[in-house]
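File shown: data-v3.csv (CSV, C-alpha atoms).
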chain,number,residue,atom,x,y,z
U,1,MET,CA,8.5,-40.9,-61.2
U,2,THR,CA,12.0,-39.7,-62.2
U,3,SER,CA,13.6,-42.9,-60.9
U,4,ALA,CA,17.1,-43.0,-62.2
U,5,GLU,CA,17.6,-46.4,-60.6
U,6,VAL,CA,18.4,-49.0,-63.1
U,7,ASN,CA,19.2,-52.6,-62.8
U,8,ILE,CA,22.1,-53.5,-65.1
U,9,ASP,CA,24.1,-56.7,-65.0
U,10,GLU,CA,27.8,-55.9,-64.5
U,11,ARG,CA,28.8,-58.3,-67.2
U,12,LEU,CA,26.6,-56.5,-69.7
U,13,ALA,CA,27.3,-52.9,-68.7
U,14,PRO,CA,30.7,-52.6,-70.5
U,15,LEU,CA,29.3,-54.1,-73.6
U,16,LEU,CA,26.3,-51.8,-73.7
U,17,ARG,CA,28.7,-48.9,-73.4
U,18,GLU,CA,29.9,-49.8,-76.9
U,19,VAL,CA,26.5,-49.2,-78.4
U,20,SER,CA,26.1,-45.6,-79.4
U,21,ASP,CA,23.1,-43.4,-80.3
U,22,PRO,CA,23.1,-43.5,-84.1
U,23,GLU,CA,22.1,-39.8,-84.3
U,24,ILE,CA,24.7,-38.7,-81.7
U,25,PRO,CA,27.6,-41.2,-82.2
U,26,VAL,CA,29.7,-39.7,-79.3
U,27,LEU,CA,27.0,-40.8,-76.8
U,28,SER,CA,26.7,-44.4,-75.7
U,29,ILE,CA,23.2,-45.6,-74.9
U,30,MET,CA,24.3,-46.0,-71.3
U,31,ASP,CA,25.3,-42.3,-71.1
U,32,MET,CA,22.0,-41.4,-72.7
U,33,GLY,CA,20.2,-43.2,-69.8
U,34,VAL,CA,17.9,-45.1,-72.1
U,35,VAL,CA,18.9,-48.6,-70.8
U,36,ARG,CA,16.5,-49.3,-68.0
U,37,GLU,CA,17.3,-52.9,-67.3
U,38,ALA,CA,19.8,-55.5,-68.5
U,39,ARG,CA,19.5,-59.0,-67.1
U,40,LEU,CA,21.3,-62.2,-68.0
U,41,GLU,CA,19.8,-65.6,-67.9
U,42,GLY,CA,22.2,-68.1,-69.1
U,43,LYS,CA,23.2,-66.9,-72.6
U,44,THR,CA,20.1,-64.7,-73.0
U,45,ALA,CA,20.2,-61.0,-72.2
U,46,TYR,CA,16.9,-59.3,-71.5
U,47,ILE,CA,17.2,-55.6,-72.2
U,48,LYS,CA,14.7,-52.9,-71.5
U,49,LEU,CA,15.0,-49.6,-73.4
U,50,THR,CA,13.0,-46.5,-73.0
U,51,PRO,CA,12.7,-44.0,-75.9
U,52,THR,CA,13.9,-40.4,-75.5
U,53,TYR,CA,11.0,-39.1,-77.7
U,54,SER,CA,8.1,-41.3,-78.8
U,55,GLY,CA,8.9,-41.0,-82.5
U,56,CYS,CA,12.6,-41.2,-82.2
U,57,PRO,CA,13.7,-43.3,-85.2
U,58,ALA,CA,17.0,-44.1,-83.5
U,59,MET,CA,15.3,-46.5,-81.0
U,60,ASP,CA,14.8,-49.3,-83.5
U,61,VAL,CA,18.4,-48.9,-84.7
U,62,MET,CA,19.6,-49.1,-81.1
U,63,GLY,CA,17.7,-52.3,-80.5
U,64,VAL,CA,19.2,-53.9,-83.6
U,65,ASP,CA,22.7,-52.6,-82.7
U,66,ILE,CA,22.4,-54.2,-79.2
U,67,GLN,CA,21.4,-57.5,-80.6
U,68,ARG,CA,24.2,-57.5,-83.1
U,69,LEU,CA,26.8,-56.5,-80.6
U,70,LEU,CA,25.8,-59.0,-77.9
U,71,LYS,CA,25.7,-61.7,-80.5
U,72,LYS,CA,29.5,-61.1,-81.0
U,73,TYR,CA,29.9,-61.9,-77.3
U,74,GLY,CA,27.8,-65.0,-77.6
U,75,TYR,CA,24.6,-63.6,-76.1
U,76,ASP,CA,21.1,-63.7,-77.5
U,77,ALA,CA,19.5,-60.4,-76.8
U,78,LYS,CA,15.8,-59.8,-76.3
U,79,VAL,CA,15.1,-56.1,-76.4
U,80,GLU,CA,11.9,-54.6,-75.1
U,81,LEU,CA,10.7,-51.0,-75.2
U,82,VAL,CA,9.2,-49.6,-72.0
U,83,LEU,CA,7.5,-46.2,-71.6
U,84,SER,CA,7.2,-45.9,-67.9
U,85,PRO,CA,8.8,-44.1,-66.1
U,86,ALA,CA,9.2,-41.7,-69.0
U,87,TRP,CA,12.7,-40.7,-70.0
U,88,THR,CA,14.0,-37.3,-68.8
U,89,THR,CA,17.2,-35.4,-69.8
U,90,ASP,CA,18.2,-35.8,-66.1
U,91,TRP,CA,19.2,-39.4,-67.0
U,92,ILE,CA,22.0,-38.3,-69.3
U,93,THR,CA,25.1,-39.0,-67.2
U,94,PRO,CA,27.7,-36.4,-66.3
U,95,SER,CA,30.1,-38.0,-68.8
U,96,GLY,CA,27.3,-38.0,-71.4
U,97,ARG,CA,26.8,-34.3,-70.9
U,98,ALA,CA,30.5,-33.7,-71.3
U,99,SER,CA,30.6,-35.7,-74.5
U,100,LEU,CA,27.6,-33.7,-75.9
U,101,GLU,CA,29.4,-30.4,-75.2
U,102,ALA,CA,32.6,-31.7,-76.8
U,103,TYR,CA,30.6,-32.8,-79.8
U,104,GLY,CA,29.1,-29.3,-80.2
U,105,ILE,CA,25.7,-29.8,-78.7
U,106,ALA,CA,24.7,-27.5,-75.8
U,107,VAL,CA,23.4,-29.5,-72.8
U,108,PRO,CA,19.9,-29.1,-71.4
U,109,LEU,CA,19.2,-26.3,-68.9
U,110,GLU,CA,16.7,-26.6,-66.1
U,111,PRO,CA,13.0,-26.3,-67.1
U,112,GLU,CA,12.5,-22.6,-66.4
U,113,ALA,CA,15.8,-21.5,-68.0
U,114,ASP,CA,15.0,-23.9,-70.9
U,115,LYS,CA,11.7,-22.1,-71.5
U,116,ALA,CA,13.3,-18.7,-71.3
U,117,ALA,CA,15.9,-19.7,-73.8
U,118,LEU,CA,13.5,-21.3,-76.2
U,119,THR,CA,11.0,-18.5,-76.2
U,120,GLY,CA,13.9,-16.1,-76.8
U,121,SER,CA,13.3,-14.1,-73.6
U,122,GLU,CA,16.8,-14.7,-72.2
U,123,ARG,CA,20.2,-15.3,-73.7
U,124,ILE,CA,21.6,-18.1,-71.6
U,125,VAL,CA,22.6,-21.0,-73.8
U,126,LYS,CA,26.4,-21.1,-74.1
U,127,CYS,CA,27.7,-21.3,-77.7
U,128,THR,CA,29.5,-24.6,-78.0
U,129,HIS,CA,32.1,-23.0,-80.4
U,130,CYS,CA,33.2,-19.9,-78.6
U,131,GLY,CA,31.5,-20.1,-75.2
U,132,SER,CA,29.6,-16.8,-75.5
U,133,GLN,CA,26.2,-16.5,-74.1
U,134,ASN,CA,25.2,-14.0,-76.7
U,135,THR,CA,23.1,-16.6,-78.5
U,136,ARG,CA,19.6,-16.8,-79.8
U,137,VAL,CA,17.1,-19.5,-80.7
U,138,VAL,CA,16.6,-19.9,-84.4
U,139,SER,CA,14.1,-22.7,-84.2
U,140,ALA,CA,12.7,-24.6,-81.2
U,141,PHE,CA,12.8,-27.7,-83.4
U,142,GLY,CA,16.1,-28.8,-84.8
U,143,SER,CA,17.6,-31.7,-86.8
U,144,THR,CA,16.2,-34.3,-84.4
U,145,ALA,CA,13.2,-34.3,-82.1
U,146,CYS,CA,15.4,-33.8,-79.0
U,147,LYS,CA,17.2,-30.6,-80.2
U,148,ALA,CA,16.6,-27.0,-80.9
U,149,LEU,CA,18.7,-24.8,-83.3
U,150,PHE,CA,20.6,-21.9,-82.0
U,151,GLN,CA,22.9,-19.3,-83.4
U,152,CYS,CA,25.7,-17.4,-81.7
U,153,ASP,CA,25.7,-13.6,-82.3
U,154,ASP,CA,29.4,-13.3,-81.5
U,155,CYS,CA,31.0,-16.0,-83.6
U,156,LEU,CA,28.0,-16.3,-85.8
U,157,GLU,CA,28.1,-20.1,-85.9
U,158,PRO,CA,24.9,-22.1,-85.6
U,159,PHE,CA,24.8,-24.9,-83.0
U,160,ASP,CA,22.4,-27.5,-81.6
U,161,TYR,CA,20.9,-27.3,-78.1
U,162,PHE,CA,19.6,-30.4,-76.4
U,163,LYS,CA,16.1,-29.5,-75.1
U,164,CYS,CA,15.2,-30.1,-71.5
U,165,LEU,CA,12.7,-32.9,-71.1
U,166,LYS,CA,11.2,-33.5,-67.7
A,1,MET,CA,-15.6,-53.7,-72.2
A,2,LYS,CA,-12.6,-54.8,-74.2
A,3,ASP,CA,-14.2,-53.6,-77.4
A,4,GLN,CA,-15.0,-50.3,-75.9
A,5,LEU,CA,-11.4,-49.9,-74.7
A,6,TYR,CA,-10.3,-50.7,-78.2
A,7,GLN,CA,-12.6,-48.1,-79.7
A,8,TYR,CA,-11.5,-45.6,-77.1
A,9,ILE,CA,-7.8,-46.1,-77.9
A,10,LEU,CA,-8.5,-45.6,-81.6
A,11,GLY,CA,-10.4,-42.4,-80.8
A,12,ILE,CA,-7.3,-41.0,-79.1
A,13,ALA,CA,-4.7,-42.3,-81.6
A,14,ASP,CA,-6.6,-41.4,-84.8
A,15,ASN,CA,-6.5,-37.7,-83.9
A,16,SER,CA,-2.7,-37.8,-83.7
A,17,LEU,CA,-2.3,-40.0,-86.8
A,18,ILE,CA,-4.4,-37.7,-89.0
A,19,LEU,CA,-2.9,-34.5,-87.7
A,20,GLY,CA,0.6,-36.1,-88.0
A,21,GLN,CA,-0.2,-37.0,-91.6
A,22,ARG,CA,-1.3,-33.5,-92.4
A,23,LEU,CA,1.8,-32.0,-90.9
A,24,GLY,CA,4.0,-34.6,-92.6
A,25,GLN,CA,2.6,-33.3,-95.9
A,26,LEU,CA,4.5,-30.1,-95.2
A,27,CYS,CA,7.8,-31.9,-95.4
A,28,GLY,CA,9.7,-29.9,-98.0
A,29,HIS,CA,6.8,-27.4,-98.4
A,30,GLY,CA,7.0,-25.4,-95.2
A,31,PRO,CA,7.1,-21.6,-95.5
A,32,SER,CA,10.7,-21.6,-94.2
A,33,LEU,CA,13.2,-24.3,-93.4
A,34,GLU,CA,12.8,-23.9,-89.6
A,35,VAL,CA,9.1,-24.1,-89.7
A,36,ASP,CA,9.2,-27.0,-92.1
A,37,ILE,CA,11.4,-28.9,-89.7
A,38,ALA,CA,9.3,-27.9,-86.7
A,39,CYS,CA,6.1,-29.1,-88.3
A,40,THR,CA,7.6,-32.4,-89.4
A,41,ASN,CA,9.2,-32.8,-85.9
A,42,ILE,CA,5.8,-32.5,-84.4
A,43,SER,CA,4.5,-34.9,-86.9
A,44,LEU,CA,7.1,-37.4,-85.9
A,45,ASP,CA,6.2,-37.0,-82.2
A,46,LEU,CA,2.6,-37.7,-83.0
A,47,PHE,CA,3.4,-40.8,-85.1
A,48,GLY,CA,5.6,-42.1,-82.2
A,49,GLN,CA,2.7,-41.7,-79.8
A,50,VAL,CA,0.3,-43.3,-82.3
A,51,ARG,CA,2.5,-46.3,-82.6
A,52,SER,CA,2.3,-46.9,-78.8
A,53,TYR,CA,-1.5,-46.6,-78.9
A,54,TYR,CA,-1.9,-48.9,-81.9
A,55,GLN,CA,0.5,-51.5,-80.6
A,56,TYR,CA,-1.7,-51.6,-77.5
A,57,ALA,CA,-4.9,-51.7,-79.5
A,58,ALA,CA,-3.5,-54.5,-81.7
A,59,LYS,CA,-2.7,-56.5,-78.6
A,60,LEU,CA,-6.3,-56.1,-77.4
A,61,ALA,CA,-7.7,-57.1,-80.8
A,62,GLY,CA,-5.5,-60.2,-81.1
A,63,GLY,CA,-5.4,-62.3,-84.2
A,64,ASP,CA,-3.6,-60.7,-87.2
A,65,ALA,CA,-4.1,-57.2,-86.0
A,66,SER,CA,-0.9,-55.1,-86.0
A,67,GLU,CA,-0.1,-51.4,-85.6
A,68,ASP,CA,0.3,-51.2,-89.4
A,69,SER,CA,-3.0,-52.9,-90.2
A,70,ILE,CA,-4.8,-50.5,-87.8
A,71,ALA,CA,-3.1,-47.5,-89.2
A,72,PHE,CA,-3.3,-48.4,-92.9
A,73,LEU,CA,-6.0,-50.9,-93.6
A,74,ARG,CA,-9.2,-49.4,-92.2
A,75,LYS,CA,-11.9,-47.7,-94.3
A,76,GLU,CA,-12.7,-44.0,-94.0
A,77,ARG,CA,-15.7,-44.7,-91.8
A,78,GLU,CA,-13.6,-46.6,-89.3
A,79,TYR,CA,-11.4,-43.7,-88.4
A,80,ARG,CA,-12.5,-42.0,-85.2
A,81,ASN,CA,-10.6,-38.7,-85.4
A,82,VAL,CA,-12.3,-35.4,-84.9
A,83,LEU,CA,-13.1,-33.3,-88.0
A,84,LEU,CA,-10.7,-30.5,-87.0
A,85,VAL,CA,-7.5,-32.5,-87.6
A,86,GLU,CA,-8.4,-33.7,-91.1
A,87,GLN,CA,-8.9,-30.2,-92.4
A,88,PRO,CA,-6.5,-29.5,-95.3
A,89,ASN,CA,-3.3,-27.5,-95.3
A,90,THR,CA,-4.3,-24.2,-96.9
A,91,ASP,CA,-2.3,-21.3,-95.7
A,92,PHE,CA,0.1,-21.1,-92.8
A,93,ALA,CA,-2.3,-19.2,-90.6
A,94,TYR,CA,-4.8,-22.0,-91.1
A,95,ILE,CA,-2.2,-24.8,-90.4
A,96,ILE,CA,-1.1,-23.1,-87.2
A,97,THR,CA,-4.6,-22.4,-86.0
A,98,ARG,CA,-5.7,-26.0,-86.6
A,99,GLY,CA,-2.6,-27.1,-84.6
A,100,PHE,CA,-3.2,-24.6,-81.8
A,101,LEU,CA,-6.9,-25.6,-81.3
A,102,PHE,CA,-5.8,-29.2,-81.1
A,103,ASP,CA,-2.6,-28.8,-79.1
A,104,VAL,CA,-4.4,-27.0,-76.2
A,105,TYR,CA,-7.0,-29.8,-76.1
A,106,HIS,CA,-4.3,-32.5,-76.4
A,107,GLU,CA,-2.3,-31.2,-73.5
A,108,LEU,CA,-5.3,-30.9,-71.2
A,109,PHE,CA,-6.5,-34.3,-72.2
A,110,LEU,CA,-3.1,-36.0,-71.6
A,111,GLU,CA,-2.7,-34.3,-68.2
A,112,ARG,CA,-5.8,-36.3,-67.2
A,113,LEU,CA,-5.1,-39.5,-69.1
A,114,MET,CA,-1.9,-39.7,-67.1
A,115,HIS,CA,-4.0,-40.7,-64.1
A,116,SER,CA,-5.9,-43.5,-65.9
A,117,LYS,CA,-6.4,-46.7,-64.1
A,118,ASP,CA,-5.1,-48.4,-67.3
A,119,GLU,CA,-1.3,-48.5,-66.8
A,120,THR,CA,-0.5,-48.6,-70.5
A,121,LEU,CA,-2.6,-45.6,-71.3
A,122,ALA,CA,-1.2,-43.7,-68.3
A,123,ALA,CA,2.4,-44.5,-69.4
A,124,ILE,CA,1.8,-43.4,-73.0
A,125,ALA,CA,0.1,-40.2,-71.7
A,126,ALA,CA,3.0,-39.4,-69.3
A,127,LYS,CA,5.5,-39.9,-72.1
A,128,SER,CA,3.5,-37.9,-74.7
A,129,ILE,CA,2.7,-34.9,-72.6
A,130,LYS,CA,6.3,-33.8,-72.4
A,131,GLU,CA,6.4,-33.6,-76.2
A,132,VAL,CA,2.9,-32.0,-76.6
A,133,ARG,CA,3.9,-29.1,-74.3
A,134,TYR,CA,6.4,-28.2,-77.0
A,135,HIS,CA,3.8,-28.4,-79.7
A,136,ARG,CA,1.4,-26.2,-77.7
A,137,SER,CA,4.1,-23.7,-77.1
A,138,PHE,CA,5.1,-23.6,-80.8
A,139,SER,CA,1.6,-23.1,-82.1
A,140,SER,CA,0.7,-20.6,-79.3
A,141,GLU,CA,3.7,-18.5,-80.1
A,142,TRP,CA,2.9,-18.4,-83.8
A,143,MET,CA,-0.7,-17.5,-83.0
A,144,LYS,CA,0.5,-14.5,-81.1
A,145,ARG,CA,3.2,-13.5,-83.6
A,146,MET,CA,0.8,-13.7,-86.6
A,147,GLY,CA,-2.3,-12.4,-84.8
A,148,ALA,CA,-0.5,-9.3,-83.5
A,149,GLY,CA,1.7,-9.1,-86.6
A,150,THR,CA,0.9,-7.4,-89.9
A,151,GLU,CA,-2.6,-6.5,-91.1
A,152,GLU,CA,-2.4,-9.4,-93.6
A,153,SER,CA,-1.2,-12.0,-91.0
A,154,HIS,CA,-3.9,-10.8,-88.6
A,155,ARG,CA,-6.6,-11.1,-91.1
A,156,ARG,CA,-5.5,-14.6,-92.1
A,157,VAL,CA,-5.4,-15.9,-88.5
A,158,GLN,CA,-8.8,-14.3,-87.7
A,159,ASP,CA,-10.2,-16.0,-90.8
A,160,ALA,CA,-8.7,-19.3,-89.8
A,161,VAL,CA,-10.1,-19.1,-86.3
A,162,ASP,CA,-13.5,-18.1,-87.6
A,163,SER,CA,-13.5,-21.0,-90.0
A,164,LEU,CA,-12.1,-23.7,-87.7
A,165,TRP,CA,-14.0,-22.7,-84.6
A,166,ARG,CA,-17.0,-24.9,-85.6
A,167,TYR,CA,-14.9,-28.0,-85.1
A,168,THR,CA,-13.8,-27.3,-81.6
A,169,LYS,CA,-16.9,-28.5,-79.7
A,170,GLU,CA,-16.6,-32.1,-80.9
A,171,PHE,CA,-13.8,-32.7,-78.5
A,172,PHE,CA,-16.3,-32.4,-75.7
A,173,GLN,CA,-19.1,-34.4,-77.0
A,174,PRO,CA,-18.4,-37.9,-75.7
A,175,THR,CA,-19.0,-41.2,-77.6
A,176,GLU,CA,-20.4,-44.3,-76.0
A,177,ALA,CA,-16.9,-45.7,-75.6
A,178,GLU,CA,-15.7,-42.4,-74.0
A,179,LYS,CA,-18.5,-42.4,-71.5
A,180,ALA,CA,-18.0,-46.0,-70.6
A,181,MET,CA,-14.2,-45.6,-70.2
A,182,ALA,CA,-14.6,-42.4,-68.2
A,183,GLU,CA,-16.9,-44.2,-65.9
A,184,ALA,CA,-14.5,-47.0,-65.4
A,185,GLY,CA,-11.7,-44.6,-64.5
A,186,ILE,CA,-9.8,-45.6,-67.6
A,187,GLY,CA,-10.8,-42.7,-69.9
A,188,VAL,CA,-11.1,-39.0,-69.4
A,189,ASP,CA,-14.4,-37.1,-69.1
A,190,THR,CA,-13.6,-34.3,-71.5
A,191,SER,CA,-16.5,-32.2,-70.3
A,192,SER,CA,-14.5,-31.7,-67.1
A,193,PHE,CA,-12.0,-29.5,-68.8
A,194,LYS,CA,-14.1,-27.7,-71.4
A,195,ALA,CA,-14.1,-24.4,-69.3
A,196,THR,CA,-10.3,-24.7,-68.9
A,197,TYR,CA,-9.9,-25.2,-72.6
A,198,ASP,CA,-12.0,-22.2,-73.5
A,199,GLN,CA,-10.0,-20.1,-71.0
A,200,HIS,CA,-6.6,-21.2,-72.4
A,201,ILE,CA,-7.8,-20.5,-75.9
A,202,ALA,CA,-9.2,-17.1,-75.0
A,203,GLU,CA,-6.0,-16.0,-73.2
A,204,VAL,CA,-3.8,-16.7,-76.3
A,205,LEU,CA,-6.3,-15.2,-78.7
A,206,GLN,CA,-6.5,-12.1,-76.6
A,207,GLU,CA,-2.8,-11.6,-76.7
A,208,ALA,CA,-2.9,-12.3,-80.4
A,209,THR,CA,-5.6,-9.6,-80.7
A,210,ILE,CA,-7.9,-12.2,-82.3
A,211,VAL,CA,-11.6,-12.2,-81.5
A,212,VAL,CA,-13.1,-15.4,-80.1
A,213,PRO,CA,-16.0,-16.4,-82.4
A,214,THR,CA,-19.5,-16.3,-81.0
A,215,SER,CA,-21.2,-18.4,-83.7
A,216,PRO,CA,-23.4,-21.0,-82.1
A,217,TYR,CA,-23.0,-23.4,-85.1
A,218,PHE,CA,-20.8,-26.4,-84.5
A,219,GLN,CA,-20.1,-29.4,-86.6
A,220,ARG,CA,-19.5,-33.0,-85.5
A,221,GLY,CA,-19.3,-36.5,-86.9
A,222,GLY,CA,-15.7,-37.5,-87.0
A,223,LYS,CA,-15.8,-39.5,-83.8
A,224,GLU,CA,-18.6,-41.6,-85.3
A,225,GLY,CA,-16.8,-42.0,-88.6
A,226,VAL,CA,-18.7,-39.4,-90.5
A,227,HIS,CA,-16.0,-37.3,-92.0
A,228,THR,CA,-15.6,-34.2,-94.2
A,229,GLU,CA,-14.6,-34.9,-97.8
A,230,HIS,CA,-11.0,-34.1,-97.0
A,231,LEU,CA,-10.3,-37.3,-95.1
A,232,GLY,CA,-10.8,-39.6,-98.1
A,233,TYR,CA,-8.1,-37.9,-100.1
A,234,LEU,CA,-5.7,-38.0,-97.2
A,235,LEU,CA,-6.3,-41.7,-96.6
A,236,SER,CA,-5.8,-42.6,-100.3
A,237,ASP,CA,-2.5,-40.9,-100.2
A,238,MET,CA,-1.5,-42.5,-96.9
A,239,GLN,CA,-2.7,-46.0,-97.6
A,240,TYR,CA,-1.8,-46.5,-101.2
A,241,MET,CA,1.5,-48.3,-100.5
A,242,GLN,CA,-0.1,-50.9,-98.1
A,243,ARG,CA,-3.0,-51.3,-100.5
A,244,THR,CA,-0.8,-51.8,-103.5
A,245,TYR,CA,1.8,-54.0,-101.8
A,246,PRO,CA,0.0,-55.6,-98.9
A,247,ASN,CA,2.2,-56.4,-95.9
A,248,MET,CA,5.2,-54.6,-97.3
A,249,ASN,CA,7.9,-53.5,-94.9
A,250,TRP,CA,10.7,-51.0,-94.9
For the file at hand, write its structure as structure tokens.
Amino acid sequence: MTSAEVNIDERLAPLLREVSDPEIPVLSIMDMGVVREARLEGKTAYIKLTPTYSGCPAMDVMGVDIQRLLKKYGYDAKVELVLSPAWTTDWITPSGRASLEAYGIAVPLEPEADKAALTGSERIVKCTHCGSQNTRVVSAFGSTACKALFQCDDCLEPFDYFKCLK
Amino acid sequence: MKDQLYQYILGIADNSLILGQRLGQLCGHGPSLEVDIACTNISLDLFGQVRSYYQYAAKLAGGDASEDSIAFLRKEREYRNVLLVEQPNTDFAYIITRGFLFDVYHELFLERLMHSKDETLAAIAAKSIKEVRYHRSFSSEWMKRMGAGTEESHRRVQDAVDSLWRYTKEFFQPTEAEKAMAEAGIGVDTSSFKATYDQHIAEVLQEATIVVPTSPYFQRGGKEGVHTEHLGYLLSDMQYMQRTYPNMNW
């Protein structure tokens, strides 16, 4: 069910890497793992996207961005939203995780650790500013559906944590 | 069969639409910034799920039906949500209790809908449950914090539980569409997890030092379109834009 296998046409892959998540601009939609299929038939590109969260308002924007970008390269893009298999944070690529950290968003922990961090029972999320693990959850819901808000008790800075979704 | 599936989908989706609308009303009015953001995040998740259900329902209905026409252009009697979710935002204890009583049901329901023979419903359920687990955990934690909190917060949560308890049985009283869909392996027989629901609720309430009500009086009607007076006000607020400017788009 957590199939990470995707079928993406080699000619389209580098182009799709140019499209970024509008809410997290350092992350391309390829790094995010939301592109599930990209096929070319002549000049028509068939793209299947899967949402991170059901209500993520960024999905519509991504669809339009893909169409706009591919048009520049002479392709007509047909974007379809698919729900199954459901997206998981495991599909964020290693380079995607590195970009998230560099951008100031702590990357998702494994489910048990995630739960412990979000309920405040353990201090394990590393501050993206100073690296300290002396951090606490401020709110399990943050500025977007996929993130929680944390604060570091050493450097006192707030930061986002990308919640584990499996 | 197709009509019953359509009715069945609305029954599921309307719960999330109306609760989502209620939580959306807290935008800018939450008791603290973090809680405000949490409630509206949950609202957004619910709306996202609703869109998937309504898009599917619109496809079944054919013609001019669209997710927007289903969401915005029905009359009060045509909404199939349970009475619980339309109850107004009074105090925070009430808001959290309403969410908690629904979230526990919602999670157990989706766990079963994931195994539906209907691929679309199974996919929506598998997607939604990941989000709903966060909702349930949010409302459960607040139940415990407030129930076992101060005298004042405890009293308010106990009042809310006592007041909303009457709406909890409706989940488990199936409509004709629910019976038909459960039989066909598409829908969920909710009576199959009533005991589990009661147990989950009791566990959290115990930790919250809240007494489970024993009143034998329960109210129903929402699933048949007979609502409490609160729904009409909610709908007039929610629908006015589409009613005033038909077919308007963002």
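Distances here use only C-alpha atoms; by that measure, the residue among A:Ser192, A:Gln49, A:Gln25, A:Thr209 closest to A:Ile9 is A:Gln49.
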For chain A against chain U, with a cut-off of 6 Å and counting only C-alpha atoms, what is the closest atom pair and its distance in Å to one decimal for every residue that makes the cut, ordered by chain and number, as JSON lines?
{"residue": "A:Glu34", "atom": "CA", "partner": "U:Ser139", "partner_atom": "CA", "distance": 5.7}
{"residue": "A:Ala38", "atom": "CA", "partner": "U:Phe141", "partner_atom": "CA", "distance": 4.8}
{"residue": "A:Asn41", "atom": "CA", "partner": "U:Ala145", "partner_atom": "CA", "distance": 5.7}
{"residue": "A:Leu44", "atom": "CA", "partner": "U:Gly55", "partner_atom": "CA", "distance": 5.3}
{"residue": "A:Asp45", "atom": "CA", "partner": "U:Gly55", "partner_atom": "CA", "distance": 4.8}
{"residue": "A:Gly48", "atom": "CA", "partner": "U:Gly55", "partner_atom": "CA", "distance": 3.5}
{"residue": "A:Gln49", "atom": "CA", "partner": "U:Ser54", "partner_atom": "CA", "distance": 5.5}
{"residue": "A:Ala123", "atom": "CA", "partner": "U:Ser84", "partner_atom": "CA", "distance": 5.2}
{"residue": "A:Lys127", "atom": "CA", "partner": "U:Ala86", "partner_atom": "CA", "distance": 5.2}
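You will find atom CA of U:Ala77 at 7.0 Å from atom CA of U:Ile47.
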* Asked: Nearest to U:Lys71: which of U:Thr44, U:Phe159, U:Thr93, U:Met59 is it, counting all atoms listed in the file?
  -> U:Thr44
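Each of A:Tyr53, A:Trp142, A:Phe92, A:Phe47 was compared to A:Val204 using all atoms listed in the file, and A:Trp142 turns out to be the nearest.
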